Amino acid sequence: TYGTSVSPKVQKDKLIGGLLAPGFDEQSCLSRYKSALYRKESPHMPSTYLLERLREHEFLQKKCGPHTEAYKEAVEQLKSGQDTKVGDCNYLVWVAYSGLGNRILTITSAFLYAILTNRVLLVDGDKGTADLFCEPFPDTSWLLPPDFTIKQFKNFSSGSPESYGNMLKTGVVRPDGSSKGPSPAFLYLHLAHDYDAHDKLFFCENNQQYLQKIPWLILRSDNYFVPSLFLIPAYQAELIRLFPQKDAVFHHLGRYLFHPTNVVWGLITRYYDSYLAKADEKLGIQIRVFDTEPGPFQHVLDQVLACTLKEKLLPDINAQQPIVSTGNVRSKVILITSLNSGYYETIKNMYWEHPTMNGEIISFHQPSHEEHQNSDRKMHNIKAWAEIYLLSLSDVMITSAWSTFGYVAQGLSGLKTWLMFKPENRTSPDPPCQQVMSMEPCFHAPPFYDAELGREQIQESLSRMYNIVKI
Ligand code: GDP
């Protein structure tokens, strides 16, 4: 019958393998159920246990979310600072910090921690979080209400008296996780790149036991700290059940959590439909340069071209003949993202001035060139998110080392991208790039100090986890 029911296949795709809950209002967030029309079906299926836990977590978020009685009670307790026993509703507050890629990775890490510890995740809507992402949980909001009691929470740092690491350092809490006095109503967890040995004790089992007694945790990080959660014995069994495929954590949780708002979805779909949709193959190239000068740099251009040629991601040009006619009408679109337009201009010209060796038709597109990172500007963030998402719709992708912007595109796509090594001394590295072994983002500042495991074992476990020899 026509028009009366949606086929199970379409229904399944719409909920991306059961990852998404049905029943959201479609118009207020078109991307949520339409992503399946743009993204190929993932070869990585979420475990049924993950789906179960997500549904349970949605229930918790709704039961304890802002404007519920439970939330009001928890806030009252937080205000009084007394009788701070954990109840059914305990919270993890995520503080907006760093660039968009970093923020997406830390929300994901925080979310996984919230699932493991049965906490409600509330995100600080600053830096455009509220403008960029739809609500991920049904019938509630994950945004921290702007009148949140602890006004100074954005200013906490490693040395603040409220910081857990600092409390360990000053002896308010003992290293084994026991404390002298009554436990506080809230704690600040500093898990940013500059965290010290005391902050890192977060990753030790005893300390996790202590933290379970604290109703409110406030977290600031710019790291994808998921790999280290796998090393905490108390969470291991649960994590393995949730993610039998260990390198698909971000792939699943990222596609579960991050749905572009309609404004961003407009930018994504207009660009995709205009420039990318019709090609036989889509290659995404993310060029992120960590240099004090803006560029463009010759060594970066050389690296991009060396990578595309060596790995046969782009055909070579024919500098001898004005026209190559092979009858090959395959078309390829190249989506380049970069803060700078120089690389795109040069490569596009090269393929305009010369034919390709194999006659392939290639077009190049770069949605924006913002010149500088400006993570506080609304349109800048909207474009960054649109570009990350567009990249993630590629069939093949080249990304830049050490870039969380690239990790997010890679993780959402589920592809093993070609990673361009970080140039040293403004020299093009040789080899220019290599295919990654895992689609998971990297944890840039893992804790090597660990009271229980020791450095050797952590290194070994991480290597085993990602099936790599050297970190
Ligand atoms: P990372 O610094 O590469 O790890 O990525 P982040 O996303 O955390 O921070 C870099 C920020 O710079 C992005 O969020 C954007 O604001 C901006 N940016 C970097 N590269 C691009 C790009 O190719 N396109 C756009 N639109 N913005 C970019």
# chains A, B, ... in the order shown; residues from 1 in each chain; ligands from 1

$ closest_atom_pairs --of "chain A" --to "ligand 1" --cutoff "7 Å" --atoms "only C-alpha atoms and all ligand atoms" --output "CSV"
residue,atom,partner,partner_atom_place_in_ligand_line,distance
A:Ser98,CA,ligand 1,8 (O),6.0
A:Gly99,CA,ligand 1,8 (O),3.2
A:Leu100,CA,ligand 1,14 (O),3.8
A:Gly101,CA,ligand 1,7 (O),3.4
A:Asn102,CA,ligand 1,8 (O),4.1
A:Arg103,CA,ligand 1,8 (O),6.6
A:Gln286,CA,ligand 1,23 (O),6.2
A:Ile287,CA,ligand 1,23 (O),6.4
A:Arg288,CA,ligand 1,20 (N),5.6
A:Thr337,CA,ligand 1,23 (O),3.9
A:Ser338,CA,ligand 1,23 (O),3.2
A:Leu339,CA,ligand 1,22 (C),4.8
A:Ser368,CA,ligand 1,26 (N),5.8
A:His369,CA,ligand 1,24 (N),6.4
A:Glu370,CA,ligand 1,26 (N),5.9
A:His372,CA,ligand 1,17 (C),6.8
A:Gln373,CA,ligand 1,12 (O),4.0
A:Asn374,CA,ligand 1,16 (O),5.6
A:Ser375,CA,ligand 1,16 (O),5.0
A:His380,CA,ligand 1,16 (O),6.1
A:Asn381,CA,ligand 1,16 (O),5.5
A:Lys383,CA,ligand 1,26 (N),4.9
A:Ala384,CA,ligand 1,26 (N),3.7
A:Glu387,CA,ligand 1,26 (N),6.1
A:Trp402,CA,ligand 1,4 (O),6.2
A:Ser403,CA,ligand 1,3 (O),3.5
A:Thr404,CA,ligand 1,4 (O),3.6
A:Phe405,CA,ligand 1,5 (O),4.1
A:Gly406,CA,ligand 1,3 (O),6.7

$ residues_around --residues "Tyr164 of chain A" --least-positions-apart "5" --cutoff "10 Å" --atoms "only C-alpha atoms" --output "list in words"
Ser158, Gly159, Lys169, Thr170, Val172, Val173, Phe186, Leu187, Tyr188, Leu189, His190, His198, Asp199, Lys200, Leu201, Phe202, Asn207, Leu211 and Leu217 of chain A

$ write_last_selection --atoms "N, CA and C atoms" --output "CSV table (one decimal), in the first residue's frame"
chain,number,residue,atom,x,y,z
A,158,SER,N,42.4,24.3,38.1
A,158,SER,CA,43.1,23.2,38.9
A,158,SER,C,43.4,23.6,40.3
A,159,GLY,N,43.7,24.9,40.5
A,159,GLY,CA,44.1,25.3,41.9
A,159,GLY,C,42.9,25.8,42.7
A,169,LYS,N,45.5,17.4,47.1
A,169,LYS,CA,46.8,17.9,47.4
A,169,LYS,C,46.9,18.5,48.8
A,170,THR,N,45.8,19.2,49.2
A,170,THR,CA,45.8,19.8,50.5
A,170,THR,C,45.4,18.9,51.6
A,172,VAL,N,42.5,17.5,52.2
A,172,VAL,CA,41.0,17.5,52.6
A,172,VAL,C,40.4,16.1,52.2
A,173,VAL,N,40.9,15.6,51.1
A,173,VAL,CA,40.5,14.2,50.8
A,173,VAL,C,41.8,13.4,50.8
A,186,PHE,N,29.3,19.6,46.1
A,186,PHE,CA,29.8,19.5,44.7
A,186,PHE,C,31.3,19.6,44.7
A,187,LEU,N,31.8,19.1,43.6
A,187,LEU,CA,33.3,19.2,43.4
A,187,LEU,C,33.5,19.6,42.0
A,188,TYR,N,34.7,20.2,41.8
A,188,TYR,CA,35.1,20.5,40.4
A,188,TYR,C,36.2,19.5,39.9
A,189,LEU,N,36.0,19.0,38.8
A,189,LEU,CA,37.0,18.0,38.2
A,189,LEU,C,37.7,18.7,37.1
A,190,HIS,N,39.0,18.9,37.2
A,190,HIS,CA,39.8,19.5,36.2
A,190,HIS,C,40.5,18.5,35.4
A,198,HIS,N,47.6,15.2,40.8
A,198,HIS,CA,46.5,15.1,41.7
A,198,HIS,C,45.1,15.0,41.0
A,199,ASP,N,45.0,15.9,40.0
A,199,ASP,CA,43.8,15.9,39.1
A,199,ASP,C,43.6,14.6,38.5
A,200,LYS,N,44.8,14.0,38.1
A,200,LYS,CA,44.7,12.7,37.3
A,200,LYS,C,44.3,11.5,38.2
A,201,LEU,N,44.3,11.7,39.5
A,201,LEU,CA,43.9,10.6,40.4
A,201,LEU,C,42.4,10.3,40.1
A,202,PHE,N,41.7,11.2,39.4
A,202,PHE,CA,40.3,11.0,39.0
A,202,PHE,C,40.2,9.6,38.4
A,207,ASN,N,39.3,6.7,44.0
A,207,ASN,CA,38.8,8.1,43.9
A,207,ASN,C,37.4,8.0,43.2
A,211,LEU,N,34.0,9.8,44.6
A,211,LEU,CA,33.2,10.7,43.8
A,211,LEU,C,31.8,10.3,43.7
A,217,LEU,N,28.9,17.1,40.3
A,217,LEU,CA,30.2,17.2,39.8
A,217,LEU,C,30.3,18.2,38.6

$ closest_residue --among "A:Ile398, A:Leu393, A:Met437, A:Leu92" --to "Ser35 of chain A" --atoms "only C-alpha atoms"
A:Leu393

$ residues_around --residues "Pro260 of chain A" --least-positions-apart "5" --cutoff "6 Å" --atoms "only C-alpha atoms" --output "PyMOL selection string"
chain A and resi 132-133+265

$ closest_atom_pairs --of "segment 107-138 of chain A" --to "segment 44-62 of chain A" --cutoff "7 Å" --atoms "only C-alpha atoms" --output "JSON lines"
{"residue": "A:Ile115", "atom": "CA", "partner": "A:His57", "partner_atom": "CA", "distance": 6.6}
{"residue": "A:Val120", "atom": "CA", "partner": "A:Gln61", "partner_atom": "CA", "distance": 5.5}
{"residue": "A:Phe137", "atom": "CA", "partner": "A:Glu58", "partner_atom": "CA", "distance": 5.7}
{"residue": "A:Pro138", "atom": "CA", "partner": "A:Glu58", "partner_atom": "CA", "distance": 6.8}

$ write_last_selection --atoms "N, CA and C atoms" --output "PDB file, in the first residue's frame"
ATOM      1  N   ILE A 115      26.720   8.048  31.944  1.00  0.00           N
ATOM      2  CA  ILE A 115      26.037   6.747  31.822  1.00  0.00           C
ATOM      3  C   ILE A 115      26.617   5.764  32.848  1.00  0.00           C
ATOM      4  N   VAL A 120      22.995  12.675  35.696  1.00  0.00           N
ATOM      5  CA  VAL A 120      22.314  13.453  34.672  1.00  0.00           C
ATOM      6  C   VAL A 120      23.340  14.416  34.077  1.00  0.00           C
ATOM      7  N   PHE A 137      17.961  14.448  24.341  1.00  0.00           N
ATOM      8  CA  PHE A 137      17.113  13.569  25.166  1.00  0.00           C
ATOM      9  C   PHE A 137      15.652  13.993  25.049  1.00  0.00           C
ATOM     10  N   PRO A 138      14.750  13.018  24.899  1.00  0.00           N
ATOM     11  CA  PRO A 138      13.339  13.369  24.696  1.00  0.00           C
ATOM     12  C   PRO A 138      12.693  14.009  25.934  1.00  0.00           C
TER      13      PRO A 138
END

$ decode --residues "segment 277-388 of chain A" --atoms "C-alpha atoms" --output "compact mmCIF listing (two decimals), in the first residue's frame"
# COMPACT_ATOMS: atom_id res chain seq x y z
CA ALA A 277 25.32 15.21 -4.02
CA LYS A 278 25.70 14.34 -7.69
CA ALA A 279 29.31 13.15 -7.77
CA ASP A 280 30.32 9.51 -8.05
CA GLU A 281 32.79 9.94 -5.23
CA LYS A 282 33.30 12.47 -2.47
CA LEU A 283 36.75 13.08 -1.04
CA GLY A 284 37.02 15.29 2.05
CA ILE A 285 40.31 17.02 2.82
CA GLN A 286 40.66 18.76 6.17
CA ILE A 287 43.67 21.05 6.32
CA ARG A 288 44.42 22.24 9.84
CA VAL A 289 47.71 24.02 10.39
CA PHE A 290 49.05 24.56 13.89
CA ASP A 291 51.42 27.44 13.31
CA THR A 292 51.64 30.94 14.73
CA GLU A 293 51.50 32.35 11.16
CA PRO A 294 48.30 31.96 9.16
CA GLY A 295 49.89 30.61 5.94
CA PRO A 296 49.29 29.28 3.32
CA PHE A 297 52.52 27.31 3.49
CA GLN A 298 54.27 25.56 0.60
CA HIS A 299 55.19 22.56 2.79
CA VAL A 300 51.52 22.01 3.68
CA LEU A 301 50.43 22.22 0.04
CA ASP A 302 53.23 19.78 -0.89
CA GLN A 303 52.08 17.42 1.85
CA VAL A 304 48.45 17.45 0.73
CA LEU A 305 49.43 16.77 -2.89
CA ALA A 306 51.97 14.11 -1.92
CA CYS A 307 49.34 12.33 0.16
CA THR A 308 46.62 12.43 -2.49
CA LEU A 309 49.00 11.20 -5.21
CA LYS A 310 50.83 8.55 -3.19
CA GLU A 311 47.61 7.02 -1.90
CA LYS A 312 45.90 7.48 -5.27
CA LEU A 313 43.12 9.58 -3.79
CA LEU A 314 43.45 12.07 -6.65
CA PRO A 315 44.73 11.29 -10.16
CA ASP A 316 47.88 13.01 -11.29
CA ILE A 317 47.65 15.86 -13.79
CA ASN A 318 48.94 15.52 -17.34
CA ALA A 319 51.27 18.47 -17.88
CA GLN A 320 52.20 17.35 -21.43
CA GLN A 321 48.84 17.27 -23.16
CA PRO A 322 46.17 19.96 -23.27
CA ILE A 323 43.35 17.46 -23.39
CA VAL A 324 43.05 13.85 -22.28
CA SER A 325 40.04 12.04 -23.54
CA THR A 326 39.49 8.55 -22.17
CA GLY A 327 35.74 8.32 -22.24
CA ASN A 328 35.92 8.16 -18.47
CA VAL A 329 33.07 10.27 -17.18
CA ARG A 330 33.46 9.42 -13.52
CA SER A 331 33.11 12.55 -11.46
CA LYS A 332 34.75 13.30 -8.18
CA VAL A 333 34.09 16.17 -5.80
CA ILE A 334 36.67 17.34 -3.36
CA LEU A 335 35.51 19.14 -0.25
CA ILE A 336 38.33 21.11 1.31
CA THR A 337 37.98 22.65 4.74
CA SER A 338 40.56 25.04 6.07
CA LEU A 339 40.79 28.40 7.81
CA ASN A 340 42.84 29.51 4.79
CA SER A 341 41.78 29.56 1.12
CA GLY A 342 45.29 29.30 -0.36
CA TYR A 343 45.49 25.53 -0.60
CA TYR A 344 42.12 25.25 -2.27
CA GLU A 345 42.92 28.01 -4.79
CA THR A 346 46.19 26.42 -5.87
CA ILE A 347 44.91 22.86 -6.15
CA LYS A 348 41.76 23.91 -7.96
CA ASN A 349 43.81 25.90 -10.48
CA MET A 350 46.19 23.01 -11.03
CA TYR A 351 43.29 20.77 -12.04
CA TRP A 352 41.75 23.52 -14.19
CA GLU A 353 44.92 24.31 -16.10
CA HIS A 354 45.71 20.64 -16.79
CA PRO A 355 43.68 17.55 -17.56
CA THR A 356 43.89 14.53 -15.28
CA MET A 357 45.86 11.52 -16.47
CA ASN A 358 42.77 9.31 -16.44
CA GLY A 359 40.28 11.88 -17.69
CA GLU A 360 38.39 11.97 -14.39
CA ILE A 361 36.34 15.10 -13.86
CA ILE A 362 37.17 16.73 -10.59
CA SER A 363 35.62 19.72 -8.87
CA PHE A 364 36.86 21.46 -5.75
CA HIS A 365 34.83 23.22 -3.12
CA GLN A 366 35.63 25.03 0.09
CA PRO A 367 32.64 26.35 2.02
CA SER A 368 34.45 29.04 4.05
CA HIS A 369 37.84 30.44 4.95
CA GLU A 370 37.44 32.07 8.31
CA GLU A 371 41.19 32.93 8.59
CA HIS A 372 41.28 32.68 12.40
CA GLN A 373 39.65 30.54 15.05
CA ASN A 374 36.98 32.61 16.76
CA SER A 375 35.06 30.20 18.94
CA ASP A 376 32.94 32.88 20.59
CA ARG A 377 31.29 34.07 17.35
CA LYS A 378 27.97 32.48 16.53
CA MET A 379 28.22 32.29 12.72
CA HIS A 380 31.82 31.11 12.98
CA ASN A 381 30.74 28.15 15.13
CA ILE A 382 27.78 27.42 12.87
CA LYS A 383 30.07 27.23 9.84
CA ALA A 384 32.61 25.10 11.69
CA TRP A 385 29.90 22.61 12.69
CA ALA A 386 28.41 22.57 9.18
CA GLU A 387 31.87 21.85 7.73
CA ILE A 388 32.65 19.09 10.21
